[in-house]
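J.: First, the structure itself, so that you have it in front of you.
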Amino acid sequence: MQTKNYISGHCVIENNSVMVNGVKQFELEHVPFSEFAKAAYKNFNMDYPKFFKMDNLSKLAFLASEIILGSKVKEGEDNNIALVFANKSSSLDTDVKYQGSIADKENYFPSPAVFVYTLPNICIGEISIRHKLQSENAFFVFEDFNAEFMTNYANGLLATNKADKVLCGWVEYYQENYKAILYMVEKQGDLNIIKK
Amino acid sequence: MEAKSRLAEVMAKNVYITDTNCITPLGFDVASNWEALLKGQSGIQRFEKLGMLKSFYASVVNSDEIDAAFAPISNENHFTKLEKMLILALAPIIGNYTITNKTAFIFSTTKGNIELLEDKNNTVEAAHLAVLAKKISSFFGFSTEPIVVSNACVSGVLAIAVAKRMIQAGAYDNAFVVAGDAVSEFVLSGFNSFQAMSEVPCKPYDEERNGVTLGEATAAVYLTAIGTEVRPGAVKVIGDGAVNDANHISGPSRTGEGLFRSIESAFTEAGMAKEKLDYISAHGTATLYNDEMEAVAFNRLGINKVSVNSLKGFYGHTLGASGLLETVIAIESTRNNQLIASKGFAKMGVSQPISVITKNEEKEINCFLKTASGFGGCNTAVLFEKVV
């Protein structure tokens, strides 16, 4: 399939730093993810208290998407931006915590607030709610980032007019190991899609 | 101009489902499942104590019967029950086709082998969905990297849309899609914590419904764009949509916006009038919010007079497998021109009228819609057309 789609913005969060369109915009070394995430949220002047209730996978996905979507989402308009995310560990970080809570029969109180995050696509739901994105969404699991698959899937959504733009990429979180690489694919412009 | 021709090129490629199979408590192939459904048999049974649950209803496949069916396929003993069920679902249909480097392997699940976390001797690595997918795809000799769709309870239906979209994009010629989920304490306790479990076998759309019954199953289908593989009994995948509600992470939209838009998207792609729809195989989890939301969406779309059922009263909610299993059964309905009564339904329990099928009846089915909705606000709708 011939395409002229291009990447209009990207954000990489790893090693306690935030890179926006290739430029390091924030860093906070030697702290756990939860502290880093909170600091990044403040640094980029985000204002969305629900952020603090999210699990770490959702926090990671939220931060990266917020930085890209901030300038792309037009309030009050129908923003047909698809969300297509993938990772390796699914929701296993939260799954392990949830399993720990039900394994202890003396303190057997599974929490619905934890259980709901035992699905990897919840992070997509959080972002959809945040920006009222009533649009195409899908979550995939691969051993490693599958650039070819993501490119084909995003191009397909644009070619069939199921989406005007596609925010896609990798959002991996397991314990303190994490990495987010999100990028926005659009159909205007004349640059070919970059394979990352 | 160019965008238009590209669209035409993508849409021009027809994708068909030509083969199906399923493993459920009602049988280990489509024929035995179909017979049981015609008789109104359900796989749902009452179980005693599990973890802190005193008793519960679930639709569970007998492990000894799985082992007996699996023995002729392989004598290796490192497979979990779910893995055996996935292999059993794929095995009979896989031999009918040639696996090439343009054949996709797509696996849909919500929790995979999650019960492996119960044993501290297992590594967390063992519960990875990609590891499970690789184990199954390697068993059958696939050369392409497995694609795992894990989008909550829409996974099974979305996997069909993903297969079709990737084939139309030219990435693959054909695809085997397999789906599976097992009943585990993990999932039972989770739905229980939400107070979403029914105290009796679930009753989709019924006045007395009050929650889900969980179930386990595997299902498999073969999708192809190769015209010579299409035979009578095949269905064409003519449109799809997978739109989020953007409303709440654990509850569906009251207006059914995401489902409404998913179905609209499927019809737009198919270029088909809604009047041509003969049957809807809906999600129907039997929670108050889900069933009500579906009724609202169907009414908004003007398809509320179309015959609709939920198969949850037979199989329970089999999570990531449900959409694929229910599509397999809906295809069988289409092949037989036979609608199956929605088990558990007696009196209308949703506020807007829908046409729940109350008794098995013969009806010519040329076109049907499969829908699903899940946590995270996700929805998926796929339209199918009979190939004469």
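Chain labels run A, B, ... following the order of the structure tokens; each chain numbers its residues from 1, and ligands are numbered from 1 in the order shown.
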Kindly provide the residues of stretch 111-207 of chain B that approach stretch 376-384 of chain B to within 12 Å, each paired with its closest atom pair and their distance in Å to one decimal, based on only C-alpha atoms, listed by chain and increasing number, as a Markdown table.

T.:
| residue | atom | partner | partner_atom | distance |
| --- | --- | --- | --- | --- |
| B:Ser150 | CA | B:Cys378 | CA | 11.2 |
| B:Asn151 | CA | B:Cys378 | CA | 7.5 |
| B:Ala152 | CA | B:Gly376 | CA | 7.5 |
| B:Cys153 | CA | B:Cys378 | CA | 8.1 |
| B:Val154 | CA | B:Thr380 | CA | 6.0 |
| B:Ser155 | CA | B:Thr380 | CA | 8.5 |
| B:Gly156 | CA | B:Thr380 | CA | 9.4 |
| B:Val157 | CA | B:Thr380 | CA | 6.5 |
| B:Leu158 | CA | B:Thr380 | CA | 6.1 |
| B:Ala159 | CA | B:Thr380 | CA | 9.8 |
| B:Ile160 | CA | B:Val382 | CA | 8.0 |
| B:Ala161 | CA | B:Val382 | CA | 6.9 |
| B:Val162 | CA | B:Val382 | CA | 10.7 |
| B:Ala163 | CA | B:Val382 | CA | 11.8 |
| B:Lys164 | CA | B:Val382 | CA | 10.3 |
| B:Arg165 | CA | B:Val382 | CA | 11.6 |

J.: Would you export the selected residues with N, CA, C and O atoms as a PDB file, in the first residue's frame, please?

T.:
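Once everything was written out, this is part_11.pdb:
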ATOM      1  N   SER B 150      -5.285  -7.813  22.920  1.00  0.00           N
ATOM      2  CA  SER B 150      -5.738  -7.870  24.310  1.00  0.00           C
ATOM      3  C   SER B 150      -6.451  -6.580  24.663  1.00  0.00           C
ATOM      4  O   SER B 150      -5.911  -5.707  25.325  1.00  0.00           O
ATOM      5  N   ASN B 151      -7.660  -6.453  24.157  1.00  0.00           N
ATOM      6  CA  ASN B 151      -8.460  -5.246  24.322  1.00  0.00           C
ATOM      7  C   ASN B 151      -9.726  -5.584  25.111  1.00  0.00           C
ATOM      8  O   ASN B 151     -10.841  -5.394  24.635  1.00  0.00           O
ATOM      9  N   ALA B 152      -9.510  -6.126  26.314  1.00  0.00           N
ATOM     10  CA  ALA B 152     -10.604  -6.517  27.210  1.00  0.00           C
ATOM     11  C   ALA B 152     -11.601  -7.433  26.486  1.00  0.00           C
ATOM     12  O   ALA B 152     -11.197  -8.264  25.671  1.00  0.00           O
ATOM     13  N   CYS B 153     -12.892  -7.246  26.769  1.00  0.00           N
ATOM     14  CA  CYS B 153     -13.899  -8.201  26.310  1.00  0.00           C
ATOM     15  C   CYS B 153     -14.284  -8.046  24.849  1.00  0.00           C
ATOM     16  O   CYS B 153     -15.104  -8.813  24.354  1.00  0.00           O
ATOM     17  N   VAL B 154     -13.711  -7.082  24.137  1.00  0.00           N
ATOM     18  CA  VAL B 154     -13.976  -7.007  22.700  1.00  0.00           C
ATOM     19  C   VAL B 154     -12.907  -7.766  21.909  1.00  0.00           C
ATOM     20  O   VAL B 154     -13.007  -7.876  20.680  1.00  0.00           O
ATOM     21  N   SER B 155     -11.905  -8.307  22.589  1.00  0.00           N
ATOM     22  CA  SER B 155     -10.744  -8.905  21.916  1.00  0.00           C
ATOM     23  C   SER B 155     -11.111  -9.889  20.798  1.00  0.00           C
ATOM     24  O   SER B 155     -10.551  -9.820  19.702  1.00  0.00           O
ATOM     25  N   GLY B 156     -12.040 -10.804  21.084  1.00  0.00           N
ATOM     26  CA  GLY B 156     -12.380 -11.847  20.117  1.00  0.00           C
ATOM     27  C   GLY B 156     -12.979 -11.299  18.832  1.00  0.00           C
ATOM     28  O   GLY B 156     -12.700 -11.803  17.736  1.00  0.00           O
ATOM     29  N   VAL B 157     -13.831 -10.277  18.942  1.00  0.00           N
ATOM     30  CA  VAL B 157     -14.423  -9.667  17.749  1.00  0.00           C
ATOM     31  C   VAL B 157     -13.393  -8.764  17.067  1.00  0.00           C
ATOM     32  O   VAL B 157     -13.268  -8.754  15.844  1.00  0.00           O
ATOM     33  N   LEU B 158     -12.652  -8.023  17.894  1.00  0.00           N
ATOM     34  CA  LEU B 158     -11.639  -7.125  17.334  1.00  0.00           C
ATOM     35  C   LEU B 158     -10.593  -7.913  16.547  1.00  0.00           C
ATOM     36  O   LEU B 158     -10.102  -7.440  15.519  1.00  0.00           O
ATOM     37  N   ALA B 159     -10.271  -9.130  17.007  1.00  0.00           N
ATOM     38  CA  ALA B 159      -9.269  -9.951  16.316  1.00  0.00           C
ATOM     39  C   ALA B 159      -9.694 -10.236  14.871  1.00  0.00           C
ATOM     40  O   ALA B 159      -8.850 -10.282  13.971  1.00  0.00           O
ATOM     41  N   ILE B 160     -10.995 -10.401  14.648  1.00  0.00           N
ATOM     42  CA  ILE B 160     -11.492 -10.615  13.277  1.00  0.00           C
ATOM     43  C   ILE B 160     -11.276  -9.345  12.457  1.00  0.00           C
ATOM     44  O   ILE B 160     -10.803  -9.390  11.315  1.00  0.00           O
ATOM     45  N   ALA B 161     -11.612  -8.196  13.057  1.00  0.00           N
ATOM     46  CA  ALA B 161     -11.417  -6.916  12.369  1.00  0.00           C
ATOM     47  C   ALA B 161      -9.934  -6.692  12.068  1.00  0.00           C
ATOM     48  O   ALA B 161      -9.571  -6.243  10.978  1.00  0.00           O
ATOM     49  N   VAL B 162      -9.069  -7.025  13.032  1.00  0.00           N
ATOM     50  CA  VAL B 162      -7.625  -6.851  12.844  1.00  0.00           C
ATOM     51  C   VAL B 162      -7.140  -7.723  11.689  1.00  0.00           C
ATOM     52  O   VAL B 162      -6.399  -7.270  10.808  1.00  0.00           O
ATOM     53  N   ALA B 163      -7.577  -8.981  11.667  1.00  0.00           N
ATOM     54  CA  ALA B 163      -7.178  -9.896  10.593  1.00  0.00           C
ATOM     55  C   ALA B 163      -7.607  -9.340   9.245  1.00  0.00           C
ATOM     56  O   ALA B 163      -6.818  -9.272   8.297  1.00  0.00           O
ATOM     57  N   LYS B 164      -8.847  -8.920   9.171  1.00  0.00           N
ATOM     58  CA  LYS B 164      -9.375  -8.383   7.904  1.00  0.00           C
ATOM     59  C   LYS B 164      -8.621  -7.120   7.489  1.00  0.00           C
ATOM     60  O   LYS B 164      -8.243  -6.949   6.333  1.00  0.00           O
ATOM     61  N   ARG B 165      -8.388  -6.233   8.447  1.00  0.00           N
ATOM     62  CA  ARG B 165      -7.698  -4.981   8.125  1.00  0.00           C
ATOM     63  C   ARG B 165      -6.269  -5.243   7.640  1.00  0.00           C
ATOM     64  O   ARG B 165      -5.802  -4.608   6.694  1.00  0.00           O
TER      65      ARG B 165
END

J.: Please check the contacts: residues of chain B at most 6 Å away from chain A, using only C-alpha atoms, listed as a compact mmCIF listing (two decimals) with all heavy atoms, in the first residue's frame.

T.:
# COMPACT_ATOMS: atom_id res chain seq x y z
N LEU B 7 -8.27 4.35 -1.04
CA LEU B 7 -9.40 3.80 -0.31
C LEU B 7 -10.05 2.68 -1.11
O LEU B 7 -10.32 1.60 -0.59
CB LEU B 7 -10.40 4.92 -0.01
CG LEU B 7 -11.65 4.54 0.78
CD1 LEU B 7 -11.28 4.06 2.17
CD2 LEU B 7 -12.60 5.72 0.87
N ALA B 130 2.62 -12.94 25.09
CA ALA B 130 3.41 -13.20 23.88
C ALA B 130 4.08 -14.58 23.96
O ALA B 130 4.25 -15.25 22.94
CB ALA B 130 4.46 -12.11 23.69
N VAL B 148 -0.97 -10.50 19.24
CA VAL B 148 -1.89 -10.72 20.37
C VAL B 148 -2.79 -9.51 20.51
O VAL B 148 -2.32 -8.39 20.66
CB VAL B 148 -1.13 -10.96 21.69
CG1 VAL B 148 -2.13 -11.19 22.83
CG2 VAL B 148 -0.19 -12.15 21.57
N VAL B 149 -4.10 -9.75 20.43
CA VAL B 149 -5.09 -8.69 20.64
C VAL B 149 -5.57 -8.82 22.08
O VAL B 149 -6.16 -9.85 22.44
CB VAL B 149 -6.29 -8.84 19.67
CG1 VAL B 149 -7.30 -7.72 19.91
CG2 VAL B 149 -5.82 -8.85 18.23
N SER B 150 -5.28 -7.81 22.92
CA SER B 150 -5.74 -7.87 24.31
C SER B 150 -6.45 -6.58 24.66
O SER B 150 -5.91 -5.71 25.33
CB SER B 150 -4.56 -8.13 25.25
OG SER B 150 -5.06 -8.44 26.55
N ASN B 151 -7.66 -6.45 24.16
CA ASN B 151 -8.46 -5.25 24.32
C ASN B 151 -9.73 -5.58 25.11
O ASN B 151 -10.84 -5.39 24.63
CB ASN B 151 -8.80 -4.69 22.93
CG ASN B 151 -8.84 -3.18 22.91
OD1 ASN B 151 -7.86 -2.53 23.29
ND2 ASN B 151 -9.95 -2.61 22.50
N ALA B 169 -4.71 -4.50 4.04
CA ALA B 169 -3.54 -3.63 3.92
C ALA B 169 -2.43 -4.30 3.11
O ALA B 169 -1.41 -3.68 2.82
CB ALA B 169 -3.04 -3.23 5.30
N GLY B 190 -12.20 -10.91 40.83
CA GLY B 190 -12.27 -9.55 40.29
C GLY B 190 -13.70 -9.12 39.97
O GLY B 190 -14.14 -8.05 40.39
N SER B 193 -15.54 -8.69 43.12
CA SER B 193 -15.24 -7.44 43.81
C SER B 193 -16.05 -6.29 43.23
O SER B 193 -16.35 -5.32 43.91
CB SER B 193 -13.74 -7.12 43.74
OG SER B 193 -13.39 -6.63 42.46
N PHE B 194 -16.42 -6.42 41.98
CA PHE B 194 -17.25 -5.41 41.32
C PHE B 194 -18.74 -5.64 41.62
O PHE B 194 -19.59 -4.90 41.14
CB PHE B 194 -17.07 -5.46 39.81
CG PHE B 194 -16.10 -4.45 39.29
CD1 PHE B 194 -14.85 -4.83 38.85
CD2 PHE B 194 -16.43 -3.12 39.25
CE1 PHE B 194 -13.94 -3.90 38.37
CE2 PHE B 194 -15.55 -2.16 38.77
CZ PHE B 194 -14.30 -2.56 38.33
N ALA B 242 -14.33 -0.13 15.73
CA ALA B 242 -13.95 -0.41 17.12
C ALA B 242 -13.73 0.92 17.84
O ALA B 242 -12.61 1.39 17.97
CB ALA B 242 -12.69 -1.26 17.16
N VAL B 243 -14.83 1.52 18.28
CA VAL B 243 -14.78 2.90 18.79
C VAL B 243 -14.99 2.95 20.30
O VAL B 243 -15.88 2.27 20.84
CB VAL B 243 -15.85 3.76 18.07
CG1 VAL B 243 -15.86 5.19 18.63
CG2 VAL B 243 -15.60 3.78 16.56
N ASN B 244 -14.19 3.76 20.96
CA ASN B 244 -14.25 3.89 22.42
C ASN B 244 -15.38 4.83 22.85
O ASN B 244 -15.69 5.80 22.18
CB ASN B 244 -12.90 4.41 22.93
CG ASN B 244 -12.69 4.13 24.40
OD1 ASN B 244 -13.30 4.75 25.26
ND2 ASN B 244 -11.82 3.18 24.68
N ASP B 245 -15.95 4.54 24.04
CA ASP B 245 -17.00 5.39 24.62
C ASP B 245 -16.44 6.72 25.13
O ASP B 245 -17.16 7.72 25.20
CB ASP B 245 -17.61 4.70 25.85
CG ASP B 245 -18.61 3.63 25.49
OD1 ASP B 245 -19.20 3.71 24.41
OD2 ASP B 245 -18.79 2.71 26.31
N ALA B 246 -15.19 6.71 25.60
CA ALA B 246 -14.57 7.89 26.23
C ALA B 246 -15.43 8.40 27.38
O ALA B 246 -15.65 9.60 27.54
CB ALA B 246 -14.33 9.00 25.20
N ASN B 247 -15.95 7.47 28.16
CA ASN B 247 -16.90 7.84 29.20
C ASN B 247 -16.47 7.41 30.59
O ASN B 247 -16.45 8.20 31.52
CB ASN B 247 -18.26 7.21 28.84
CG ASN B 247 -19.31 7.44 29.90
OD1 ASN B 247 -19.70 8.58 30.13
ND2 ASN B 247 -19.75 6.39 30.56
N ILE B 249 -13.92 4.11 32.76
CA ILE B 249 -13.07 2.93 32.53
C ILE B 249 -13.73 1.61 32.90
O ILE B 249 -13.36 0.57 32.39
CB ILE B 249 -11.68 3.03 33.21
CG1 ILE B 249 -11.80 3.33 34.69
CG2 ILE B 249 -10.79 4.02 32.49
CD1 ILE B 249 -10.48 3.16 35.44
N GLY B 376 -12.74 -0.31 29.94
CA GLY B 376 -11.88 0.62 29.22
C GLY B 376 -12.69 1.39 28.18
O GLY B 376 -12.15 2.16 27.41
N GLY B 377 -14.02 1.14 28.15
CA GLY B 377 -14.89 1.85 27.21
C GLY B 377 -14.83 1.34 25.79
O GLY B 377 -15.32 2.00 24.87

J.: Mind listing the helix (DSSP H, G or I) residues of stretch 55-109 of chain A, per DSSP on the backbone, as a short mmCIF file (atom, residue, chain, number, x, y, z; two decimals) with C-alpha atoms, in the first residue's frame?

T.:
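Now in states_38.cif:
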data_model
loop_
_atom_site.label_atom_id
_atom_site.label_comp_id
_atom_site.auth_asym_id
_atom_site.auth_seq_id
_atom_site.Cartn_x
_atom_site.Cartn_y
_atom_site.Cartn_z
CA ASN A 56 1.72 2.97 36.56
CA LEU A 57 1.09 1.71 33.02
CA SER A 58 -1.75 4.22 32.61
CA LYS A 59 0.34 7.01 34.16
CA LEU A 60 3.14 6.31 31.68
CA ALA A 61 0.76 6.19 28.69
CA PHE A 62 -1.06 9.27 29.93
CA LEU A 63 2.10 11.39 30.30
CA ALA A 64 3.41 10.56 26.83
CA SER A 65 0.04 11.00 25.12
CA GLU A 66 -0.75 14.20 26.99
CA ILE A 67 2.42 15.81 25.72
CA ILE A 68 1.56 14.95 22.09
CA LEU A 69 -2.21 15.44 22.23
CA LEU A 92 1.32 -7.85 34.49
CA ASP A 93 2.66 -5.18 36.84
CA THR A 94 -0.83 -4.65 38.26
CA ASP A 95 -1.75 -8.33 37.82
CA VAL A 96 1.05 -9.36 40.19
CA LYS A 97 -0.18 -6.87 42.79
CA TYR A 98 -3.74 -8.09 42.41
CA GLN A 99 -2.69 -11.75 42.68
CA GLY A 100 -0.76 -10.85 45.83
CA SER A 101 -3.89 -9.41 47.38
CA ILE A 102 -6.05 -12.47 46.72
CA ALA A 103 -3.32 -14.93 47.73
CA LYS A 105 -6.65 -15.48 52.62
CA GLU A 106 -6.45 -13.67 55.95
CA ASN A 107 -6.66 -10.32 54.20
#

J.: Find the spatial neighbours of B:Thr103, counting only C-alpha atoms, within a cut-off of 6 Å - ignore same-chain residues fewer than 6 positions away - and output them as a ChimeraX atom specification.

T.: /B:172,174-175

J.: When you draw a straight line from atom CA of B:Glu229 to atom CA of B:Lys102, how long is it in Å?

T.: 15.4 Å

J.: Just to confirm, what's the straight-line distance from atom CA of B:Asp181 to atom CA of B:Thr110 in Å (one decimal)?

T.: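 So the answer is 6.8 Å.
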
J.: Taking 4 positions as the minimum chain separation for residues in the same chain, which residues sit within 9 Å of stretch 301-316 of chain B when counting only C-alpha atoms? Answer as a PDB file with C-alpha atoms, in the first residue's frame.

T.:
ATOM      1  CA  THR B  24     -16.596 -25.444  24.947  1.00  0.00           C
ATOM      2  CA  PRO B  25     -18.360 -27.413  27.714  1.00  0.00           C
ATOM      3  CA  LEU B  26     -21.067 -28.162  25.118  1.00  0.00           C
ATOM      4  CA  LEU B  37     -27.685 -25.160  21.426  1.00  0.00           C
ATOM      5  CA  GLY B  40     -31.258 -25.449  24.764  1.00  0.00           C
ATOM      6  CA  GLN B  41     -28.472 -27.051  26.782  1.00  0.00           C
ATOM      7  CA  SER B  42     -26.223 -24.789  28.821  1.00  0.00           C
ATOM      8  CA  GLY B  43     -22.633 -25.300  29.944  1.00  0.00           C
ATOM      9  CA  ILE B  44     -23.271 -23.325  33.136  1.00  0.00           C
ATOM     10  CA  TYR B  57     -21.963 -20.469  38.674  1.00  0.00           C
ATOM     11  CA  ALA B  58     -19.567 -20.898  35.769  1.00  0.00           C
ATOM     12  CA  SER B  59     -19.274 -22.640  32.418  1.00  0.00           C
ATOM     13  CA  VAL B  60     -16.140 -24.771  32.705  1.00  0.00           C
ATOM     14  CA  PRO B 201     -27.048 -18.563  35.778  1.00  0.00           C
ATOM     15  CA  CYS B 202     -26.976 -15.219  33.942  1.00  0.00           C
ATOM     16  CA  LYS B 203     -30.136 -13.920  32.245  1.00  0.00           C
ATOM     17  CA  PRO B 204     -29.235 -11.482  29.465  1.00  0.00           C
ATOM     18  CA  TYR B 205     -31.846  -8.739  28.869  1.00  0.00           C
ATOM     19  CA  VAL B 212     -22.480 -12.072  34.649  1.00  0.00           C
ATOM     20  CA  THR B 213     -21.686 -15.760  34.779  1.00  0.00           C
ATOM     21  CA  LEU B 214     -18.098 -16.439  33.758  1.00  0.00           C
ATOM     22  CA  GLY B 215     -17.084 -19.155  31.356  1.00  0.00           C
ATOM     23  CA  GLU B 216     -14.158 -20.656  29.490  1.00  0.00           C
ATOM     24  CA  ALA B 217     -13.793 -21.660  25.871  1.00  0.00           C
ATOM     25  CA  PHE B 260     -23.371   3.293  18.147  1.00  0.00           C
ATOM     26  CA  ILE B 263     -21.875  -0.144  14.242  1.00  0.00           C
ATOM     27  CA  GLU B 264     -22.256   3.014  12.102  1.00  0.00           C
ATOM     28  CA  LYS B 274     -29.524  -1.260   7.862  1.00  0.00           C
ATOM     29  CA  GLU B 275     -32.843  -2.749   6.664  1.00  0.00           C
ATOM     30  CA  LEU B 277     -29.670  -6.813   8.586  1.00  0.00           C
ATOM     31  CA  ASP B 278     -31.192 -10.193   9.506  1.00  0.00           C
ATOM     32  CA  TYR B 279     -29.693 -10.968  12.902  1.00  0.00           C
ATOM     33  CA  ILE B 280     -27.594  -9.457  15.704  1.00  0.00           C
ATOM     34  CA  SER B 281     -25.387 -11.620  17.898  1.00  0.00           C
ATOM     35  CA  ALA B 282     -24.966  -9.141  20.741  1.00  0.00           C
ATOM     36  CA  HIS B 283     -22.676  -9.032  23.771  1.00  0.00           C
ATOM     37  CA  GLY B 284     -25.444  -9.357  26.428  1.00  0.00           C
ATOM     38  CA  THR B 285     -23.389  -9.882  29.579  1.00  0.00           C
ATOM     39  CA  ALA B 286     -26.549  -9.642  31.735  1.00  0.00           C
ATOM     40  CA  ALA B 295     -30.674  -1.523  23.865  1.00  0.00           C
ATOM     41  CA  VAL B 296     -30.114   2.260  23.723  1.00  0.00           C
ATOM     42  CA  ALA B 297     -27.516   1.925  20.943  1.00  0.00           C
ATOM     43  CA  SER B 322     -16.504 -14.597  23.739  1.00  0.00           C
ATOM     44  CA  GLU B 326     -20.156 -16.137  19.364  1.00  0.00           C
ATOM     45  CA  ILE B 329     -21.997 -19.831  16.390  1.00  0.00           C
ATOM     46  CA  LEU B 339     -32.042 -18.454  15.019  1.00  0.00           C
ATOM     47  CA  ILE B 340     -31.223 -19.682  18.526  1.00  0.00           C
ATOM     48  CA  ALA B 341     -33.326 -18.538  21.503  1.00  0.00           C
ATOM     49  CA  SER B 342     -31.542 -16.226  23.927  1.00  0.00           C
ATOM     50  CA  LYS B 343     -31.224 -18.500  26.975  1.00  0.00           C
ATOM     51  CA  GLY B 344     -32.258 -17.029  30.320  1.00  0.00           C
ATOM     52  CA  PHE B 345     -34.600 -14.443  28.838  1.00  0.00           C
ATOM     53  CA  GLN B 352     -35.980   0.453  25.249  1.00  0.00           C
ATOM     54  CA  PRO B 353     -37.541  -2.257  23.068  1.00  0.00           C
ATOM     55  CA  ILE B 354     -35.313  -4.824  21.385  1.00  0.00           C
ATOM     56  CA  SER B 355     -36.302  -8.048  19.631  1.00  0.00           C
ATOM     57  CA  VAL B 356     -34.838 -10.771  21.821  1.00  0.00           C
ATOM     58  CA  ILE B 357     -35.240 -14.214  20.255  1.00  0.00           C
ATOM     59  CA  THR B 358     -37.500 -16.232  22.588  1.00  0.00           C
TER      60      THR B 358
END

J.: Work out how far apart atom CA of A:Tyr178 and atom CA of A:Ile13 are and give it in Å to one decimal.

T.: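 According to the coordinates, atom CA of A:Tyr178 and atom CA of A:Ile13 are separated by 8.1 Å.
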
J.: Running DSSP on the backbone, which parts of stretch 29-114 of chain A land in strand (DSSP E), as a PDB file with all heavy atoms, in the first residue's frame?

T.:
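In the end it all went to out.pdb:
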ATOM      1  N   ILE A  81      -9.192  10.869  16.449  1.00  0.00           N
ATOM      2  CA  ILE A  81      -7.812  10.412  16.613  1.00  0.00           C
ATOM      3  C   ILE A  81      -7.834   8.991  17.187  1.00  0.00           C
ATOM      4  O   ILE A  81      -8.288   8.775  18.315  1.00  0.00           O
ATOM      5  CB  ILE A  81      -7.030  11.336  17.566  1.00  0.00           C
ATOM      6  CG1 ILE A  81      -7.056  12.787  17.049  1.00  0.00           C
ATOM      7  CG2 ILE A  81      -5.599  10.831  17.752  1.00  0.00           C
ATOM      8  CD1 ILE A  81      -6.476  13.805  18.027  1.00  0.00           C
ATOM      9  N   ALA A  82      -7.379   8.025  16.410  1.00  0.00           N
ATOM     10  CA  ALA A  82      -7.356   6.637  16.879  1.00  0.00           C
ATOM     11  C   ALA A  82      -6.198   6.433  17.853  1.00  0.00           C
ATOM     12  O   ALA A  82      -5.172   7.103  17.753  1.00  0.00           O
ATOM     13  CB  ALA A  82      -7.199   5.692  15.696  1.00  0.00           C
ATOM     14  N   LEU A  83      -6.381   5.521  18.796  1.00  0.00           N
ATOM     15  CA  LEU A  83      -5.317   5.151  19.736  1.00  0.00           C
ATOM     16  C   LEU A  83      -4.961   3.689  19.506  1.00  0.00           C
ATOM     17  O   LEU A  83      -5.821   2.808  19.642  1.00  0.00           O
ATOM     18  CB  LEU A  83      -5.777   5.357  21.182  1.00  0.00           C
ATOM     19  CG  LEU A  83      -6.199   6.786  21.578  1.00  0.00           C
ATOM     20  CD1 LEU A  83      -6.719   6.809  23.016  1.00  0.00           C
ATOM     21  CD2 LEU A  83      -5.043   7.764  21.432  1.00  0.00           C
ATOM     22  N   VAL A  84      -3.719   3.425  19.138  1.00  0.00           N
ATOM     23  CA  VAL A  84      -3.273   2.058  18.861  1.00  0.00           C
ATOM     24  C   VAL A  84      -1.967   1.819  19.614  1.00  0.00           C
ATOM     25  O   VAL A  84      -0.913   2.317  19.216  1.00  0.00           O
ATOM     26  CB  VAL A  84      -3.072   1.831  17.347  1.00  0.00           C
ATOM     27  CG1 VAL A  84      -2.683   0.378  17.087  1.00  0.00           C
ATOM     28  CG2 VAL A  84      -4.330   2.186  16.570  1.00  0.00           C
ATOM     29  N   PHE A  85      -2.069   1.112  20.722  1.00  0.00           N
ATOM     30  CA  PHE A  85      -0.910   0.915  21.592  1.00  0.00           C
ATOM     31  C   PHE A  85      -0.530  -0.566  21.663  1.00  0.00           C
ATOM     32  O   PHE A  85      -1.358  -1.444  21.421  1.00  0.00           O
ATOM     33  CB  PHE A  85      -1.202   1.388  23.023  1.00  0.00           C
ATOM     34  CG  PHE A  85      -1.377   2.882  23.175  1.00  0.00           C
ATOM     35  CD1 PHE A  85      -1.329   3.736  22.083  1.00  0.00           C
ATOM     36  CD2 PHE A  85      -1.591   3.433  24.434  1.00  0.00           C
ATOM     37  CE1 PHE A  85      -1.493   5.114  22.235  1.00  0.00           C
ATOM     38  CE2 PHE A  85      -1.763   4.815  24.593  1.00  0.00           C
ATOM     39  CZ  PHE A  85      -1.715   5.647  23.500  1.00  0.00           C
ATOM     40  N   ALA A  86       0.713  -0.801  22.037  1.00  0.00           N
ATOM     41  CA  ALA A  86       1.177  -2.178  22.240  1.00  0.00           C
ATOM     42  C   ALA A  86       2.220  -2.189  23.342  1.00  0.00           C
ATOM     43  O   ALA A  86       2.819  -1.157  23.654  1.00  0.00           O
ATOM     44  CB  ALA A  86       1.781  -2.718  20.944  1.00  0.00           C
ATOM     45  N   ASN A  87       2.426  -3.363  23.921  1.00  0.00           N
ATOM     46  CA  ASN A  87       3.546  -3.539  24.851  1.00  0.00           C
ATOM     47  C   ASN A  87       3.893  -5.012  24.991  1.00  0.00           C
ATOM     48  O   ASN A  87       3.342  -5.861  24.282  1.00  0.00           O
ATOM     49  CB  ASN A  87       3.260  -2.870  26.201  1.00  0.00           C
ATOM     50  CG  ASN A  87       2.311  -3.670  27.092  1.00  0.00           C
ATOM     51  OD1 ASN A  87       1.830  -4.743  26.731  1.00  0.00           O
ATOM     52  ND2 ASN A  87       2.039  -3.128  28.266  1.00  0.00           N
TER      53      ASN A  87
END
